[in-house]
file work04.csv (CSV, C-alpha atoms and all ligand atoms)
chain,number,residue,atom,x,y,z
A,1,MET,CA,3.5,-226.0,90.3
A,2,SER,CA,4.8,-229.4,91.5
A,3,LEU,CA,7.6,-231.4,89.7
A,4,ASP,CA,5.2,-233.8,88.1
A,5,ALA,CA,3.0,-230.9,86.7
A,6,LEU,CA,5.9,-229.3,84.8
A,7,PRO,CA,5.7,-229.2,81.0
A,8,SER,CA,7.8,-231.7,79.1
A,9,LEU,CA,11.5,-230.8,78.6
A,10,ARG,CA,10.9,-230.2,75.0
A,11,GLU,CA,7.9,-227.9,75.8
A,12,SER,CA,10.1,-226.0,78.3
A,13,LEU,CA,12.9,-225.5,75.7
A,14,ASP,CA,10.3,-224.3,73.2
A,15,ALA,CA,8.6,-222.0,75.7
A,16,HIS,CA,11.9,-220.3,76.4
A,17,GLY,CA,13.0,-220.3,72.7
A,18,LEU,CA,16.2,-222.3,73.5
A,19,LEU,CA,18.3,-224.2,71.0
A,20,ALA,CA,21.4,-226.1,71.7
A,21,ARG,CA,24.7,-224.3,71.3
A,22,LYS,CA,27.7,-226.3,70.0
A,23,SER,CA,30.2,-224.0,71.7
A,24,PHE,CA,28.9,-225.1,75.1
A,25,GLY,CA,29.0,-228.8,74.3
A,26,GLN,CA,25.2,-229.0,74.5
A,27,HIS,CA,23.7,-232.4,73.8
A,28,PHE,CA,20.5,-232.7,75.9
A,29,LEU,CA,18.8,-235.7,77.5
A,30,LEU,CA,15.1,-235.0,77.0
A,31,ASP,CA,13.8,-238.5,77.9
A,32,LEU,CA,13.0,-238.6,81.7
A,33,ASN,CA,13.1,-242.4,81.6
A,34,VAL,CA,16.8,-242.2,80.7
A,35,THR,CA,17.6,-239.5,83.3
A,36,ARG,CA,15.7,-241.4,86.0
A,37,LYS,CA,17.8,-244.5,85.1
A,38,ILE,CA,21.0,-242.6,85.5
A,39,VAL,CA,19.9,-241.3,88.9
A,40,ARG,CA,19.0,-244.9,90.0
A,41,LEU,CA,22.4,-246.1,88.9
A,42,ALA,CA,24.0,-243.2,90.9
A,43,GLY,CA,22.3,-244.2,94.1
A,44,PRO,CA,21.9,-244.5,97.0
A,45,LEU,CA,21.7,-240.7,97.3
A,46,ALA,CA,19.4,-240.3,100.4
A,47,GLY,CA,20.3,-237.3,102.5
A,48,GLN,CA,23.1,-236.2,100.2
A,49,VAL,CA,23.9,-232.9,98.5
A,50,ILE,CA,24.1,-233.5,94.8
A,51,VAL,CA,26.3,-231.4,92.6
A,52,GLU,CA,25.2,-231.3,88.9
A,53,VAL,CA,27.5,-229.6,86.4
A,54,GLY,CA,25.7,-228.3,83.3
A,55,PRO,CA,22.0,-228.8,84.1
A,56,GLY,CA,20.9,-227.2,80.7
A,57,PRO,CA,17.2,-227.8,80.3
A,58,GLY,CA,17.1,-229.8,83.5
A,59,GLY,CA,16.3,-233.3,82.5
A,60,LEU,CA,18.8,-234.9,84.9
A,61,THR,CA,18.0,-232.2,87.5
A,62,ARG,CA,14.3,-233.2,87.5
A,63,ALA,CA,15.2,-236.8,88.0
A,64,LEU,CA,17.6,-235.8,90.9
A,65,LEU,CA,14.9,-233.7,92.5
A,66,GLU,CA,12.5,-236.7,92.3
A,67,SER,CA,15.0,-238.8,94.3
A,68,ASP,CA,15.5,-238.8,98.0
A,69,ALA,CA,18.6,-236.6,97.7
A,70,LEU,CA,18.6,-233.8,100.3
A,71,CYS,CA,19.1,-231.1,97.6
A,72,VAL,CA,20.8,-230.3,94.3
A,73,LEU,CA,23.4,-227.6,93.6
A,74,ALA,CA,23.8,-227.1,89.9
A,75,ILE,CA,26.3,-225.0,88.1
A,76,GLU,CA,25.5,-223.8,84.5
A,77,LYS,CA,27.7,-221.7,82.3
A,78,ASP,CA,25.0,-220.7,79.8
A,79,ALA,CA,22.9,-218.0,81.3
A,80,ARG,CA,20.1,-218.6,78.8
A,81,PHE,CA,19.0,-221.6,80.9
A,82,LEU,CA,18.6,-219.7,84.2
A,83,PRO,CA,14.9,-218.7,83.8
A,84,LEU,CA,14.0,-222.3,82.9
A,85,LEU,CA,16.0,-223.6,85.9
A,86,ALA,CA,14.3,-221.0,88.2
A,87,GLU,CA,10.9,-222.6,87.3
A,88,LEU,CA,12.3,-226.0,88.2
A,89,ALA,CA,13.5,-224.5,91.5
A,90,GLU,CA,10.0,-223.2,92.2
A,91,ALA,CA,8.6,-226.7,91.7
A,92,ALA,CA,11.0,-228.2,94.3
A,93,PRO,CA,11.0,-225.5,97.0
A,94,GLY,CA,14.3,-225.2,98.9
A,95,ARG,CA,15.9,-228.2,97.1
A,96,LEU,CA,17.6,-226.6,94.0
A,97,SER,CA,20.1,-223.9,93.9
A,98,VAL,CA,21.8,-222.8,90.7
A,99,ILE,CA,25.2,-221.1,90.3
A,100,GLU,CA,25.8,-219.3,87.0
A,101,GLY,CA,29.5,-220.1,86.3
A,102,ASP,CA,32.2,-222.2,84.9
A,103,ALA,CA,32.7,-225.6,86.7
A,104,LEU,CA,36.4,-225.4,85.9
A,105,ALA,CA,36.7,-222.1,87.8
A,106,VAL,CA,34.4,-222.7,90.8
A,107,ASP,CA,35.1,-225.0,93.7
A,108,VAL,CA,31.7,-226.8,93.5
A,109,LEU,CA,32.7,-229.3,96.3
A,110,ALA,CA,33.3,-226.4,98.7
A,111,ALA,CA,30.0,-224.7,97.6
A,112,ALA,CA,28.1,-227.9,98.2
A,113,ARG,CA,29.6,-228.4,101.6
A,114,ALA,CA,28.6,-224.9,102.5
A,115,VAL,CA,25.0,-225.8,101.8
A,116,ALA,CA,24.8,-228.6,104.4
A,117,PRO,CA,28.1,-229.1,106.2
A,118,GLU,CA,27.2,-232.5,107.7
A,119,ALA,CA,25.8,-234.1,104.5
A,120,PRO,CA,27.8,-236.2,102.1
A,121,VAL,CA,28.3,-234.7,98.7
A,122,SER,CA,28.0,-236.7,95.4
A,123,ILE,CA,28.3,-235.5,91.8
A,124,VAL,CA,25.9,-236.6,89.1
A,125,ALA,CA,26.3,-234.9,85.7
A,126,ASN,CA,25.9,-235.2,81.9
A,127,LEU,CA,29.1,-233.3,81.4
A,128,PRO,CA,30.2,-231.3,78.4
A,129,TYR,CA,32.7,-233.6,76.7
A,130,ASN,CA,35.6,-231.1,76.6
A,131,VAL,CA,35.7,-230.5,80.4
A,132,GLY,CA,34.9,-234.0,81.6
A,133,THR,CA,38.5,-235.3,82.2
A,134,PRO,CA,40.0,-232.2,83.9
A,135,LEU,CA,37.0,-232.0,86.2
A,136,LEU,CA,37.2,-235.7,87.1
A,137,ILE,CA,40.9,-235.5,87.9
A,138,ALA,CA,40.3,-232.3,90.0
A,139,TRP,CA,37.5,-234.0,92.0
A,140,LEU,CA,39.3,-237.3,92.5
A,141,THR,CA,42.5,-235.6,93.7
A,142,ALA,CA,40.7,-233.1,95.9
A,143,PRO,CA,41.7,-233.3,99.6
A,144,ALA,CA,38.1,-234.3,100.5
A,145,PRO,CA,36.7,-236.0,97.4
A,146,PRO,CA,32.9,-236.6,96.9
A,147,ALA,CA,31.2,-239.8,98.2
A,148,SER,CA,30.5,-240.9,94.6
A,149,LEU,CA,30.7,-239.5,91.1
A,150,THR,CA,28.3,-240.6,88.3
A,151,LEU,CA,29.3,-239.0,85.1
A,152,MET,CA,28.6,-239.1,81.4
A,153,PHE,CA,31.6,-239.3,79.1
A,154,GLN,CA,32.2,-240.1,75.5
A,155,LYS,CA,32.6,-243.8,75.2
A,156,GLU,CA,36.4,-243.7,74.5
A,157,VAL,CA,37.0,-241.7,77.6
A,158,ALA,CA,34.9,-244.0,79.7
A,159,GLU,CA,37.1,-246.9,78.4
A,160,ARG,CA,40.3,-245.0,79.3
A,161,ILE,CA,39.0,-244.5,82.8
A,162,THR,CA,38.0,-248.1,83.5
A,163,ALA,CA,40.6,-250.0,81.3
A,164,ALA,CA,42.6,-252.9,82.9
A,165,PRO,CA,46.3,-253.7,82.1
A,166,GLY,CA,46.7,-255.2,78.7
A,167,GLU,CA,43.7,-253.4,77.2
A,168,GLU,CA,44.3,-250.8,74.4
A,169,ALA,CA,42.7,-248.0,76.4
A,170,TYR,CA,44.9,-248.7,79.5
A,171,GLY,CA,47.1,-245.7,80.3
A,172,ARG,CA,47.7,-242.9,82.8
A,173,LEU,CA,44.1,-242.1,83.4
A,174,ALA,CA,43.1,-245.7,84.2
A,175,VAL,CA,46.1,-246.0,86.7
A,176,LEU,CA,45.1,-242.7,88.4
A,177,CYS,CA,41.4,-243.6,88.6
A,178,GLU,CA,42.1,-247.2,89.9
A,179,THR,CA,44.5,-245.8,92.5
A,180,LEU,CA,42.0,-243.2,93.8
A,181,ALA,CA,38.6,-244.9,93.2
A,182,ARG,CA,36.6,-247.9,92.2
A,183,ALA,CA,35.2,-247.2,88.8
A,184,GLU,CA,32.8,-249.0,86.5
A,185,VAL,CA,30.8,-248.3,83.3
A,186,VAL,CA,27.2,-248.6,84.5
A,187,MET,CA,25.3,-247.6,81.3
A,188,SER,CA,26.0,-247.1,77.6
A,189,LEU,CA,24.1,-244.6,75.4
A,190,PRO,CA,23.9,-244.3,71.7
A,191,ALA,CA,24.2,-240.9,70.1
A,192,ARG,CA,20.5,-240.8,69.3
A,193,ALA,CA,19.7,-240.6,73.0
A,194,PHE,CA,20.8,-237.0,72.9
A,195,THR,CA,19.3,-233.9,71.3
A,196,PRO,CA,21.1,-233.0,69.1
A,197,PRO,CA,23.0,-236.3,68.7
A,198,PRO,CA,26.8,-235.9,69.2
A,199,LYS,CA,29.2,-237.6,66.7
A,200,VAL,CA,30.2,-240.2,69.4
A,201,GLU,CA,28.7,-242.8,71.6
A,202,SER,CA,28.5,-242.2,75.3
A,203,ALA,CA,28.8,-244.1,78.6
A,204,VAL,CA,28.0,-243.4,82.2
A,205,VAL,CA,30.8,-244.2,84.7
A,206,ARG,CA,30.3,-244.5,88.4
A,207,LEU,CA,33.3,-243.9,90.7
A,208,VAL,CA,33.5,-244.3,94.4
A,209,PRO,CA,36.7,-242.7,95.9
A,210,ARG,CA,38.7,-245.1,98.1
A,211,GLN,CA,38.9,-244.5,101.8
A,212,ASP,CA,42.6,-245.5,101.9
A,213,ARG,CA,43.9,-243.2,99.2
A,214,PRO,CA,47.6,-242.6,98.9
A,215,PRO,CA,48.9,-239.2,100.2
A,216,ALA,CA,49.0,-236.3,97.6
A,217,ALA,CA,52.9,-236.5,97.3
A,218,LEU,CA,52.7,-240.1,96.4
A,219,VAL,CA,50.0,-239.4,93.8
A,220,SER,CA,52.3,-236.7,92.3
A,221,ALA,CA,55.1,-239.2,92.1
A,222,LEU,CA,52.7,-241.7,90.5
A,223,GLU,CA,51.8,-239.2,87.8
A,224,ARG,CA,55.5,-238.7,87.0
A,225,VAL,CA,56.1,-242.4,86.7
A,226,THR,CA,53.0,-243.1,84.6
A,227,GLY,CA,53.8,-240.0,82.4
A,228,ALA,CA,57.2,-241.4,81.6
A,229,ALA,CA,56.1,-245.0,81.3
A,230,PHE,CA,53.1,-244.4,79.0
A,231,GLY,CA,54.9,-241.6,77.2
A,232,GLN,CA,56.9,-244.4,75.5
A,233,ARG,CA,54.4,-247.2,76.0
A,234,ARG,CA,56.0,-249.6,73.4
A,235,LYS,CA,59.4,-249.5,75.2
A,236,MET,CA,60.5,-251.7,78.1
A,237,LEU,CA,60.3,-250.0,81.5
A,238,ARG,CA,64.2,-250.1,81.8
A,239,SER,CA,64.3,-247.6,78.9
A,240,SER,CA,61.1,-245.6,79.3
A,241,LEU,CA,61.9,-245.0,83.0
A,242,LYS,CA,65.6,-244.3,82.4
A,243,SER,CA,65.4,-240.6,83.3
A,244,LEU,CA,63.7,-241.4,86.7
A,245,GLY,CA,66.3,-244.0,87.8
A,246,GLY,CA,65.9,-246.8,85.3
A,247,GLU,CA,67.0,-250.3,86.4
A,248,ALA,CA,67.7,-249.3,90.0
A,249,LEU,CA,64.3,-247.7,90.5
A,250,ILE,CA,62.6,-250.7,88.9
A,251,ALA,CA,64.5,-253.2,91.0
A,252,GLN,CA,63.6,-251.3,94.2
A,253,ALA,CA,59.9,-251.7,93.2
A,254,GLY,CA,60.5,-255.4,92.6
A,255,ILE,CA,59.3,-255.3,88.9
A,256,ASP,CA,60.6,-257.0,85.8
A,257,PRO,CA,62.4,-254.3,83.8
A,258,SER,CA,61.6,-255.9,80.5
A,259,LEU,CA,57.9,-255.3,80.9
A,260,ARG,CA,56.1,-252.5,79.2
A,261,ALA,CA,53.8,-249.9,80.9
A,262,GLU,CA,50.7,-251.6,79.5
A,263,ALA,CA,51.4,-254.7,81.5
A,264,ILE,CA,51.8,-253.0,84.9
A,265,ASP,CA,48.9,-252.7,87.3
A,266,GLY,CA,48.1,-249.8,89.6
A,267,THR,CA,49.7,-251.5,92.7
A,268,ALA,CA,53.0,-252.0,90.8
A,269,PHE,CA,52.9,-248.4,89.6
A,270,LEU,CA,52.4,-247.2,93.2
A,271,ARG,CA,55.5,-249.2,94.2
A,272,LEU,CA,57.5,-247.4,91.5
A,273,ALA,CA,56.1,-244.1,92.8
A,274,GLN,CA,57.2,-245.0,96.3
A,275,ALA,CA,60.7,-245.9,95.1
A,276,LEU,CA,60.9,-242.5,93.4
A,277,GLN,CA,60.1,-240.6,96.6
A,278,PRO,CA,63.0,-239.3,98.6
B,1,LIG,N1,22.5,-231.9,81.8
B,1,LIG,C1,21.8,-231.5,80.6
B,1,LIG,C2,21.2,-232.8,80.0
B,1,LIG,O1,21.6,-233.9,80.3
B,1,LIG,O2,20.3,-232.6,79.1
B,1,LIG,C3,22.8,-230.8,79.6
B,1,LIG,C4,24.0,-231.6,79.2
B,1,LIG,S1,25.0,-230.8,78.0
B,1,LIG,C5,26.0,-232.2,77.5
B,1,LIG,C6,26.2,-230.0,78.9
B,1,LIG,C7,25.8,-228.7,79.7
B,1,LIG,O3,26.9,-228.2,80.4
B,1,LIG,C8,25.2,-227.6,78.9
B,1,LIG,O4,24.0,-227.1,79.6
B,1,LIG,C9,26.3,-226.5,78.9
B,1,LIG,O5,25.8,-225.2,78.8
B,1,LIG,C10,26.9,-226.8,80.3
B,1,LIG,N2,28.4,-226.4,80.3
B,1,LIG,C11,29.3,-226.4,79.4
B,1,LIG,N3,30.5,-226.1,79.8
B,1,LIG,C12,30.3,-225.8,81.2
B,1,LIG,C13,31.2,-225.4,82.2
B,1,LIG,N4,32.5,-225.2,82.0
B,1,LIG,N5,30.7,-225.2,83.5
B,1,LIG,C14,29.4,-225.4,83.7
B,1,LIG,N6,28.5,-225.8,82.7
B,1,LIG,C15,29.0,-226.0,81.5

call {"tool": "encode", "arguments": {"input": "work04.csv", "output": "structure tokens"}}
result
Amino acid sequence: MSLDALPSLRESLDAHGLLARKSFGQHFLLDLNVTRKIVRLAGPLAGQVIVEVGPGPGGLTRALLESDALCVLAIEKDARFLPLLAELAEAAPGRLSVIEGDALAVDVLAAARAVAPEAPVSIVANLPYNVGTPLLIAWLTAPAPPASLTLMFQKEVAERITAAPGEEAYGRLAVLCETLARAEVVMSLPARAFTPPPKVESAVVRLVPRQDRPPAALVSALERVTGAAFGQRRKMLRSSLKSLGGEALIAQAGIDPSLRAEAIDGTAFLRLAQALQP
């Protein structure tokens, strides 16, 4: 059977007797128009190995397989979906492999590079909400990050990833993401777009890791500075950064010590991180 001859996603779920499980964070996208749009926003994907975390019934997977991506490597924790995903793999010969496992425990980037060592790797996923942030940080700080990441988050998390100085959602996550990547919200989705609908709204964020990323040691120093500064975000830097060197450190970075963390952009935080390094 070819991809376009497959039964609808709802029919596939019914045929396999599958219902969403809360414990796995399952909220499915069953409208192929929506998943195709996400894949268009993720592009260009030509010739790339695409990692998908949590394919579930395979709505996003189908759209990825319809694209000009080289192939898809999907990792799914809930074994109930494997027979359904096997049917999808049959409909796209040689282009879909599925690992049964936990994306927090498996190095999916390494697995994708083993599939086609010369091809760029991108990640496209409608993630379970509880693992989205740790996975994003792991992928962005990896020694060889993916070419791009197009990921579904709950709306508040998407705002914390893309916030600018002065915005309420601005904090450690925004500084880290700005330092390591260019990030933008490319699509917003209401809860009713999912089956079953979650309690929150969602948004798709596309991130493109920067070529000129700071070395890992500087990123660790940055995390220490932002941890201290945003840990007491209402205080002036001279007091929130006291334990890391206070006024002397801030002067070395050329920053006004009476400012608060929320007013400092990523470049200034990097200068503080540089000043902190031996
Ligand atoms: N991609 C599908 C879609 O858009 O309809 C399903 C999205 S649903 C929000 C999240 C999926 O991730 C589920 O299929 C769930 O079983 C799977 N999942 C949850 N935790 C996981 C983990 N730690 N590693 C891999 N998959 C996981």

call {"tool": "closest_residue", "arguments": {"input": "work04.csv", "among": "A:Leu3, A:Leu65, A:Ala174, A:Met236", "to": "A:Pro257", "atoms": "all atoms listed in the file"}}
result
A:Met236

call {"tool": "residues_near_ligand", "arguments": {"input": "work04.csv", "ligand": "ligand LIG 1 (chain B)", "cutoff": "7 Å", "atoms": "all atoms listed in the file", "output": "PDB file with C-alpha atoms, keeping the file's coordinate frame"}}
result
ATOM      1  CA  PHE A  24      28.900-225.100  75.100  1.00  0.00           C
ATOM      2  CA  GLY A  25      29.000-228.800  74.300  1.00  0.00           C
ATOM      3  CA  GLN A  26      25.200-229.000  74.500  1.00  0.00           C
ATOM      4  CA  HIS A  27      23.700-232.400  73.800  1.00  0.00           C
ATOM      5  CA  PHE A  28      20.500-232.700  75.900  1.00  0.00           C
ATOM      6  CA  LEU A  29      18.800-235.700  77.500  1.00  0.00           C
ATOM      7  CA  LEU A  30      15.100-235.000  77.000  1.00  0.00           C
ATOM      8  CA  VAL A  53      27.500-229.600  86.400  1.00  0.00           C
ATOM      9  CA  GLY A  54      25.700-228.300  83.300  1.00  0.00           C
ATOM     10  CA  PRO A  55      22.000-228.800  84.100  1.00  0.00           C
ATOM     11  CA  GLY A  56      20.900-227.200  80.700  1.00  0.00           C
ATOM     12  CA  PRO A  57      17.200-227.800  80.300  1.00  0.00           C
ATOM     13  CA  GLY A  58      17.100-229.800  83.500  1.00  0.00           C
ATOM     14  CA  GLY A  59      16.300-233.300  82.500  1.00  0.00           C
ATOM     15  CA  LEU A  60      18.800-234.900  84.900  1.00  0.00           C
ATOM     16  CA  ILE A  75      26.300-225.000  88.100  1.00  0.00           C
ATOM     17  CA  GLU A  76      25.500-223.800  84.500  1.00  0.00           C
ATOM     18  CA  LYS A  77      27.700-221.700  82.300  1.00  0.00           C
ATOM     19  CA  ASP A  78      25.000-220.700  79.800  1.00  0.00           C
ATOM     20  CA  GLY A 101      29.500-220.100  86.300  1.00  0.00           C
ATOM     21  CA  ASP A 102      32.200-222.200  84.900  1.00  0.00           C
ATOM     22  CA  ALA A 103      32.700-225.600  86.700  1.00  0.00           C
ATOM     23  CA  LEU A 104      36.400-225.400  85.900  1.00  0.00           C
ATOM     24  CA  ALA A 125      26.300-234.900  85.700  1.00  0.00           C
ATOM     25  CA  ASN A 126      25.900-235.200  81.900  1.00  0.00           C
ATOM     26  CA  LEU A 127      29.100-233.300  81.400  1.00  0.00           C
ATOM     27  CA  PRO A 128      30.200-231.300  78.400  1.00  0.00           C
ATOM     28  CA  TYR A 129      32.700-233.600  76.700  1.00  0.00           C
ATOM     29  CA  VAL A 131      35.700-230.500  80.400  1.00  0.00           C
TER      30      VAL A 131
END

call {"tool": "closest_residue", "arguments": {"input": "work04.csv", "among": "A:Cys177, A:Val208, A:Ala42, A:Val186", "to": "A:Arg160", "atoms": "all atoms listed in the file"}}
result
A:Cys177

call {"tool": "closest_residue", "arguments": {"input": "work04.csv", "among": "A:Gln274, A:Ser148, A:Asn33, A:Ser8", "to": "A:Gln211", "atoms": "all atoms listed in the file"}}
result
A:Ser148

call {"tool": "closest_residue", "arguments": {"input": "work04.csv", "among": "A:Val72, A:Ala273, A:Leu237, A:Leu135", "to": "A:Leu259", "atoms": "all atoms listed in the file"}}
result
A:Leu237

call {"tool": "atom_distance", "arguments": {"input": "work04.csv", "atom1": "atom CA of A:Leu41", "atom2": "atom CA of A:Glu168"}}
result
26.7 Å

call {"tool": "residues_around", "arguments": {"input": "work04.csv", "residues": "A:Arg62", "least_positions_apart": "6", "cutoff": "9 Å", "atoms": "only C-alpha atoms", "output": "VMD selection string"}}
result
chain A and resid 3 32 35 to 36 88

call {"tool": "atom_distance", "arguments": {"input": "work04.csv", "atom1": "atom CA of A:Leu149", "atom2": "atom CA of A:Leu19"}}
result
28.1 Å

call {"tool": "residues_around", "arguments": {"input": "work04.csv", "residues": "A:Ala138", "least_positions_apart": "4", "cutoff": "12 Å", "atoms": "all atoms listed in the file", "output": "ChimeraX atom specification"}}
result
/A:103-109,131-134,142-146,176-177,180

call {"tool": "atom_distance", "arguments": {"input": "work04.csv", "atom1": "atom CA of A:Met187", "atom2": "atom CA of A:Arg21"}}
result
25.4 Å

call {"tool": "closest_residue", "arguments": {"input": "work04.csv", "among": "A:Pro215, A:Pro83, A:Pro120, A:Gly94", "to": "A:Ala46", "atoms": "all atoms listed in the file"}}
result
A:Pro120

call {"tool": "closest_residue", "arguments": {"input": "work04.csv", "among": "A:Ala263, A:Leu151, A:Leu189, A:Ile38", "to": "A:Ala164", "atoms": "all atoms listed in the file"}}
result
A:Ala263

call {"tool": "residues_around", "arguments": {"input": "work04.csv", "residues": "A:Val175", "least_positions_apart": "2", "cutoff": "8 Å", "atoms": "all atoms listed in the file", "output": "VMD selection string"}}
result
chain A and resid 170 to 173 177 to 179 226 265 to 266 269

call {"tool": "residues_near_point", "arguments": {"input": "work04.csv", "point": "(30.5, -241.1, 76.6)", "cutoff": "10 Å", "atoms": "only C-alpha atoms", "output": "PDB file with C-alpha atoms, in the frame of the given file"}}
result
ATOM      1  CA  ASN A 126      25.900-235.200  81.900  1.00  0.00           C
ATOM      2  CA  LEU A 127      29.100-233.300  81.400  1.00  0.00           C
ATOM      3  CA  PRO A 128      30.200-231.300  78.400  1.00  0.00           C
ATOM      4  CA  TYR A 129      32.700-233.600  76.700  1.00  0.00           C
ATOM      5  CA  GLY A 132      34.900-234.000  81.600  1.00  0.00           C
ATOM      6  CA  LEU A 151      29.300-239.000  85.100  1.00  0.00           C
ATOM      7  CA  MET A 152      28.600-239.100  81.400  1.00  0.00           C
ATOM      8  CA  PHE A 153      31.600-239.300  79.100  1.00  0.00           C
ATOM      9  CA  GLN A 154      32.200-240.100  75.500  1.00  0.00           C
ATOM     10  CA  LYS A 155      32.600-243.800  75.200  1.00  0.00           C
ATOM     11  CA  GLU A 156      36.400-243.700  74.500  1.00  0.00           C
ATOM     12  CA  VAL A 157      37.000-241.700  77.600  1.00  0.00           C
ATOM     13  CA  ALA A 158      34.900-244.000  79.700  1.00  0.00           C
ATOM     14  CA  GLU A 159      37.100-246.900  78.400  1.00  0.00           C
ATOM     15  CA  VAL A 185      30.800-248.300  83.300  1.00  0.00           C
ATOM     16  CA  MET A 187      25.300-247.600  81.300  1.00  0.00           C
ATOM     17  CA  SER A 188      26.000-247.100  77.600  1.00  0.00           C
ATOM     18  CA  LEU A 189      24.100-244.600  75.400  1.00  0.00           C
ATOM     19  CA  PRO A 190      23.900-244.300  71.700  1.00  0.00           C
ATOM     20  CA  ALA A 191      24.200-240.900  70.100  1.00  0.00           C
ATOM     21  CA  PRO A 198      26.800-235.900  69.200  1.00  0.00           C
ATOM     22  CA  VAL A 200      30.200-240.200  69.400  1.00  0.00           C
ATOM     23  CA  GLU A 201      28.700-242.800  71.600  1.00  0.00           C
ATOM     24  CA  SER A 202      28.500-242.200  75.300  1.00  0.00           C
ATOM     25  CA  ALA A 203      28.800-244.100  78.600  1.00  0.00           C
ATOM     26  CA  VAL A 204      28.000-243.400  82.200  1.00  0.00           C
ATOM     27  CA  VAL A 205      30.800-244.200  84.700  1.00  0.00           C
TER      28      VAL A 205
END

call {"tool": "residues_around", "arguments": {"input": "work04.csv", "residues": "A:Ala74", "least_positions_apart": "3", "cutoff": "6 Å", "atoms": "all atoms listed in the file", "output": "list of chain:residue names"}}
result
A:Val51, A:Glu52, A:Val53, A:Val98

call {"tool": "decode", "arguments": {"input": "work04.csv", "residues": "stretch 122-150 of chain A", "atoms": "C-alpha atoms", "output": "PDB file, in the first residue's frame"}}
result
ATOM      1  CA  SER A 122      16.925  17.760  11.667  1.00  0.00           C
ATOM      2  CA  ILE A 123      14.375  17.135  14.389  1.00  0.00           C
ATOM      3  CA  VAL A 124      10.627  17.566  13.860  1.00  0.00           C
ATOM      4  CA  ALA A 125       8.303  16.505  16.669  1.00  0.00           C
ATOM      5  CA  ASN A 126       5.031  16.993  18.471  1.00  0.00           C
ATOM      6  CA  LEU A 127       6.671  16.337  21.813  1.00  0.00           C
ATOM      7  CA  PRO A 128       5.105  15.098  25.000  1.00  0.00           C
ATOM      8  CA  TYR A 129       4.992  18.293  27.092  1.00  0.00           C
ATOM      9  CA  ASN A 130       6.827  16.910  30.112  1.00  0.00           C
ATOM     10  CA  VAL A 131      10.011  16.041  28.201  1.00  0.00           C
ATOM     11  CA  GLY A 132      10.162  18.956  25.735  1.00  0.00           C
ATOM     12  CA  THR A 133      12.465  21.314  27.637  1.00  0.00           C
ATOM     13  CA  PRO A 134      15.098  18.765  28.764  1.00  0.00           C
ATOM     14  CA  LEU A 135      15.253  17.327  25.226  1.00  0.00           C
ATOM     15  CA  LEU A 136      15.613  20.782  23.677  1.00  0.00           C
ATOM     16  CA  ILE A 137      18.486  21.684  26.027  1.00  0.00           C
ATOM     17  CA  ALA A 138      20.224  18.340  25.393  1.00  0.00           C
ATOM     18  CA  TRP A 139      19.976  18.785  21.590  1.00  0.00           C
ATOM     19  CA  LEU A 140      21.070  22.437  21.602  1.00  0.00           C
ATOM     20  CA  THR A 141      24.079  21.784  23.837  1.00  0.00           C
ATOM     21  CA  ALA A 142      25.135  18.595  22.008  1.00  0.00           C
ATOM     22  CA  PRO A 143      28.684  18.758  20.564  1.00  0.00           C
ATOM     23  CA  ALA A 144      27.179  18.434  17.055  1.00  0.00           C
ATOM     24  CA  PRO A 145      23.635  19.837  17.201  1.00  0.00           C
ATOM     25  CA  PRO A 146      21.020  19.160  14.498  1.00  0.00           C
ATOM     26  CA  ALA A 147      20.700  21.451  11.464  1.00  0.00           C
ATOM     27  CA  SER A 148      17.259  22.594  12.655  1.00  0.00           C
ATOM     28  CA  LEU A 149      14.634  21.729  15.262  1.00  0.00           C
ATOM     29  CA  THR A 150      10.906  22.228  14.726  1.00  0.00           C
TER      30      THR A 150
END
